[in-house]
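*Asks:* Take a look at the following structure, please.
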Amino acid sequence: MRIPRHIAIIMDGNGRWAASRGLPRIAGHREGARRVRAVVEECARLGVEALTLYSFSSENWKRPEDEVTALMELARHHLQLERQMMLANNVRFRRIGRREGLPAPVLAELDRTEDETSTCTGMTLCLAMNYGSRQEIVDAVQTVAQRVRRGELDPGAVDEATIADALDTHGLPDPDLLVRTAGERRISNFLLWQISYAELYVTDVLWPEFKVPELQTALADFAARRRTYGGLDGARAAAAT
């Protein structure tokens with residue numbers, strides 16, 4: 001089966017999973033956090049080069065303060081919990097998103113996880129924390145503008161590669177597959193530059209119920225698609241001539 005080099009996942013539906021069981025929303029987030037390990041291990045086993053998980057968006061700060069506090073503590077706890085799993089699977093950890101605004105204990109665990117897995121040579125696991133794609137693009141453009149102002153870069157030399165190299169995901173292949181759980185059909189300000197040619201897969205399965213079989217279904221769907229990147233596949237090209 002053809003395996004994507006880079007998979008990005010919008011992990012949606014935690015709140016709905018909890019509400020359907022009469023539980024507080026944070027219970028859904030806890031259950032969703034438990035689903036991450038199996039997905040990471042399976043992607044690493046299959047030889048996926050990069051897996052990016054949308055954990056906390058820059059817009060999520062608008063949620064109730066008690067929920068945000070609980071989410072930050074959950075992130076800190078699971079970073080501690082899953083470091084050994086990453087090391088055991090040769091997974092290199094990487095944070096994307098703005099540091100500003102994240103609590104110091106969460107930043108400390110993010111930095112420690114990046115440091116302790118820095119020598120791993122297998123899959124890269126990107127955790128999008130305090131991430132918004134429009135913010136990321138603005139930051140990248142400002143970085144490029146500063147290079148131009150310092151005389152390091154000619155404006156006429158700025159191209160797609162210049163912008164890509166200034167993004168948080170620099171050095172990684174663009175996502176081949178974007179998975180969104182819980183049936184929502186929107187991008188939610190996630191990797192807008194990087195997913196320009198990603199295959200989209202939407203499932204009604206809520207993230208706390210998304211397990212390895214659901215991942216395999218998404219991968220089988222991806223493998224069955226023909227990717228033309230704006231051109232024609234072989235059969236259509238022959239018919240057009």
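Convention: chains lettered A, B, ... in structure tokens order; per-chain residue numbering from 1; ligands numbered from 1 as shown.
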With a cut-off of 7 Å, could you pull out the residues of region 189-222 of chain A touching region 22-39 of chain A and give me the nearest pair of atoms for each, distance in Å to one decimal, using only C-alpha atoms, ordered by chain and ascending number, as a Markdown table?
*Replies:*
| residue | atom | partner | partner_atom | distance |
| --- | --- | --- | --- | --- |
| A:Trp207 | CA | A:Gly32 | CA | 5.9 |
| A:Pro208 | CA | A:Gly32 | CA | 4.3 |
| A:Phe210 | CA | A:Arg35 | CA | 7.0 |
| A:Lys211 | CA | A:Arg35 | CA | 6.7 |
| A:Val212 | CA | A:Val39 | CA | 6.2 |
*Asks:* Kindly export the residues of the current selection with C-alpha atoms, as a short mmCIF file (atom, residue, chain, number, x, y, z; two decimals), in the first residue's frame.
*Replies:*
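File produced: out_3.cif:
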data_model
loop_
_atom_site.label_atom_id
_atom_site.label_comp_id
_atom_site.auth_asym_id
_atom_site.auth_seq_id
_atom_site.Cartn_x
_atom_site.Cartn_y
_atom_site.Cartn_z
CA TRP A 207 -11.23 11.45 17.72
CA PRO A 208 -11.56 9.52 21.03
CA PHE A 210 -10.22 6.90 16.18
CA LYS A 211 -8.03 3.82 16.44
CA VAL A 212 -5.58 1.97 14.20
#
*Asks:* Report as a PyMOL selection string all protein, DNA and RNA residues lying within 12 Å of Ala104 (chain A), evaluated on only C-alpha atoms, omitting residues in the same chain fewer than 6 positions from it.
*Replies:* chain A and resi 72-73+76+110-111
*Asks:* Those residues you just picked out, can you put them in a file as a PDB file, in the first residue's frame with N, CA and C atoms?
*Replies:*
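What landed in selection_36.pdb:
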ATOM      1  N   MET A  72      -3.893  22.698  28.977  1.00  0.00           N
ATOM      2  CA  MET A  72      -2.458  22.930  29.145  1.00  0.00           C
ATOM      3  C   MET A  72      -1.844  21.887  30.081  1.00  0.00           C
ATOM      4  N   GLU A  73      -2.538  21.585  31.170  1.00  0.00           N
ATOM      5  CA  GLU A  73      -2.037  20.582  32.109  1.00  0.00           C
ATOM      6  C   GLU A  73      -2.029  19.195  31.467  1.00  0.00           C
ATOM      7  N   ARG A  76       1.008  19.027  29.186  1.00  0.00           N
ATOM      8  CA  ARG A  76       2.234  18.873  29.980  1.00  0.00           C
ATOM      9  C   ARG A  76       2.380  17.442  30.466  1.00  0.00           C
ATOM     10  N   LEU A 110       7.781  20.830  26.419  1.00  0.00           N
ATOM     11  CA  LEU A 110       7.964  20.818  24.967  1.00  0.00           C
ATOM     12  C   LEU A 110       9.450  20.849  24.620  1.00  0.00           C
ATOM     13  N   ASP A 111      10.190  21.757  25.264  1.00  0.00           N
ATOM     14  CA  ASP A 111      11.626  21.883  24.997  1.00  0.00           C
ATOM     15  C   ASP A 111      12.370  20.618  25.408  1.00  0.00           C
TER      16      ASP A 111
END
*Asks:* Which residue, A:Leu219, A:Leu167, A:Leu127, A:Leu102, has the smallest gap to Thr69 (chain A) when you use only C-alpha atoms?
*Replies:* A:Leu102
*Asks:* Report as a compact mmCIF listing (two decimals) with N, CA and C atoms, in the first residue's frame: the residues of region 1-228 of chain A with a DSSP assignment of strand (DSSP E), based on the backbone of this structure.
*Replies:*
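Output saved as states_28.txt:
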# COMPACT_ATOMS: atom_id res chain seq x y z
N HIS A 6 3.89 12.32 4.68
CA HIS A 6 3.52 13.20 5.78
C HIS A 6 2.00 13.15 5.95
N ILE A 7 1.55 12.85 7.14
CA ILE A 7 0.13 12.83 7.48
C ILE A 7 -0.13 13.94 8.49
N ALA A 8 -1.17 14.73 8.25
CA ALA A 8 -1.60 15.75 9.19
C ALA A 8 -3.01 15.39 9.67
N ILE A 9 -3.26 15.56 10.95
CA ILE A 9 -4.56 15.17 11.52
C ILE A 9 -5.14 16.31 12.34
N ILE A 10 -6.38 16.66 12.03
CA ILE A 10 -7.17 17.57 12.87
C ILE A 10 -7.99 16.68 13.80
N ALA A 50 6.63 11.97 8.55
CA ALA A 50 6.20 13.02 9.47
C ALA A 50 4.72 12.88 9.77
N LEU A 51 4.37 13.15 11.01
CA LEU A 51 2.98 13.14 11.46
C LEU A 51 2.77 14.44 12.23
N THR A 52 1.81 15.26 11.79
CA THR A 52 1.53 16.53 12.46
C THR A 52 0.13 16.48 13.05
N LEU A 53 0.04 16.73 14.35
CA LEU A 53 -1.23 16.68 15.08
C LEU A 53 -1.62 18.08 15.51
N TYR A 54 -2.85 18.46 15.21
CA TYR A 54 -3.38 19.78 15.59
C TYR A 54 -3.91 19.65 17.01
N SER A 55 -3.14 20.13 17.96
CA SER A 55 -3.46 19.92 19.37
C SER A 55 -4.20 21.10 19.98
N PHE A 56 -3.70 22.33 19.75
CA PHE A 56 -4.30 23.52 20.36
C PHE A 56 -4.06 24.68 19.42
N SER A 57 -5.14 25.26 18.90
CA SER A 57 -5.01 26.33 17.93
C SER A 57 -4.89 27.68 18.63
N ARG A 92 11.30 11.51 16.47
CA ARG A 92 11.82 12.83 16.83
C ARG A 92 10.66 13.80 17.00
N PHE A 93 10.62 14.50 18.11
CA PHE A 93 9.53 15.41 18.44
C PHE A 93 9.86 16.83 18.01
N ARG A 94 8.82 17.54 17.56
CA ARG A 94 9.01 18.92 17.13
C ARG A 94 7.73 19.71 17.42
N ARG A 95 7.89 20.88 17.98
CA ARG A 95 6.76 21.77 18.24
C ARG A 95 6.63 22.76 17.11
N ILE A 96 5.38 23.03 16.68
CA ILE A 96 5.14 24.13 15.75
C ILE A 96 4.06 25.03 16.37
N THR A 124 9.24 12.08 12.29
CA THR A 124 9.13 13.34 13.03
C THR A 124 7.67 13.52 13.45
N LEU A 125 7.45 13.71 14.74
CA LEU A 125 6.13 13.99 15.27
C LEU A 125 6.04 15.48 15.58
N CYS A 126 5.19 16.19 14.84
CA CYS A 126 4.99 17.63 15.07
C CYS A 126 3.71 17.83 15.87
N LEU A 127 3.82 18.56 16.94
CA LEU A 127 2.65 18.91 17.74
C LEU A 127 2.37 20.39 17.54
N ALA A 128 1.21 20.70 16.98
CA ALA A 128 0.83 22.08 16.74
C ALA A 128 0.17 22.63 18.00
N MET A 129 0.91 23.45 18.74
CA MET A 129 0.44 24.04 20.00
C MET A 129 0.47 25.56 19.87
N ASN A 130 -0.64 26.20 20.20
CA ASN A 130 -0.76 27.65 20.01
C ASN A 130 -0.44 27.98 18.56
N TYR A 131 -1.05 27.19 17.66
CA TYR A 131 -0.73 27.27 16.23
C TYR A 131 -1.91 27.84 15.45
N LEU A 177 -1.51 13.72 3.08
CA LEU A 177 -2.86 13.35 3.52
C LEU A 177 -3.24 14.18 4.74
N LEU A 178 -4.41 14.82 4.66
CA LEU A 178 -4.97 15.54 5.80
C LEU A 178 -6.22 14.80 6.25
N VAL A 179 -6.21 14.34 7.49
CA VAL A 179 -7.34 13.62 8.07
C VAL A 179 -8.06 14.54 9.05
N ARG A 180 -9.37 14.61 8.94
CA ARG A 180 -10.16 15.33 9.94
C ARG A 180 -11.24 14.40 10.48
N GLU A 199 -4.27 15.32 -0.05
CA GLU A 199 -5.54 14.62 -0.18
C GLU A 199 -6.30 14.77 1.13
N LEU A 200 -7.59 15.09 1.06
CA LEU A 200 -8.40 15.30 2.25
C LEU A 200 -9.24 14.06 2.54
N TYR A 201 -9.23 13.66 3.80
CA TYR A 201 -10.04 12.51 4.22
C TYR A 201 -10.81 12.92 5.48
N VAL A 202 -12.13 12.92 5.38
CA VAL A 202 -12.99 13.29 6.50
C VAL A 202 -13.76 12.07 6.95
*Asks:* Could you check which of A:Ala88, A:Ser188, A:Ala218, A:Glu209 is closest to Ala18 (chain A), using only C-alpha atoms?
*Replies:*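 The closest residue to Ala18 (chain A) is A:Glu209.
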*Asks:* Any idea what's packed within 12 Å of Leu46 (chain A), counting only C-alpha atoms, ignoring anything in its chain fewer than 2 positions away? Could you give it as a PDB file with C-alpha atoms, in the first residue's frame?
*Replies:*
ATOM      1  CA  MET A   1       0.000   0.000   0.000  1.00  0.00           C
ATOM      2  CA  ARG A   2       1.262   3.472  -0.905  1.00  0.00           C
ATOM      3  CA  ILE A   3       2.079   5.275   2.357  1.00  0.00           C
ATOM      4  CA  PRO A   4       1.964   9.087   2.668  1.00  0.00           C
ATOM      5  CA  ARG A   5       5.283  10.704   3.512  1.00  0.00           C
ATOM      6  CA  HIS A   6       3.523  13.201   5.782  1.00  0.00           C
ATOM      7  CA  ILE A   7       0.131  12.828   7.479  1.00  0.00           C
ATOM      8  CA  VAL A  39      -1.586   6.384  15.977  1.00  0.00           C
ATOM      9  CA  VAL A  40       2.006   7.543  16.473  1.00  0.00           C
ATOM     10  CA  GLU A  41       3.293   3.997  16.885  1.00  0.00           C
ATOM     11  CA  GLU A  42       1.449   2.749  13.804  1.00  0.00           C
ATOM     12  CA  CYS A  43       2.653   5.630  11.632  1.00  0.00           C
ATOM     13  CA  ALA A  44       6.225   5.050  12.813  1.00  0.00           C
ATOM     14  CA  VAL A  48       5.636   7.620   7.630  1.00  0.00           C
ATOM     15  CA  GLU A  49       8.245  10.413   7.592  1.00  0.00           C
ATOM     16  CA  ALA A  50       6.204  13.024   9.472  1.00  0.00           C
ATOM     17  CA  LEU A  51       2.982  13.143  11.464  1.00  0.00           C
ATOM     18  CA  ASN A  89       9.987   4.136  18.381  1.00  0.00           C
ATOM     19  CA  GLY A 122      12.834   7.934  12.442  1.00  0.00           C
ATOM     20  CA  MET A 123       9.512   9.689  12.035  1.00  0.00           C
ATOM     21  CA  VAL A 212      -5.581   1.972  14.205  1.00  0.00           C
ATOM     22  CA  LEU A 215      -6.193   5.021  10.380  1.00  0.00           C
ATOM     23  CA  GLN A 216      -5.802   2.026   8.076  1.00  0.00           C
ATOM     24  CA  LEU A 219      -4.559   5.110   4.347  1.00  0.00           C
TER      25      LEU A 219
END
*Asks:* Taking only region 98-143 of chain A into account, list the residues labelled alpha helix (DSSP H) by DSSP (computed from the backbone), as a PyMOL selection string.
*Replies:* chain A and resi 104-116+133-143
*Asks:* What does the distance between CA of Pro155 (chain A) and CA of Val141 (chain A) come to in Å, to one decimal place?
*Replies:*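 Calculated distance between CA of Pro155 (chain A) and CA of Val141 (chain A) is 11.8 Å.
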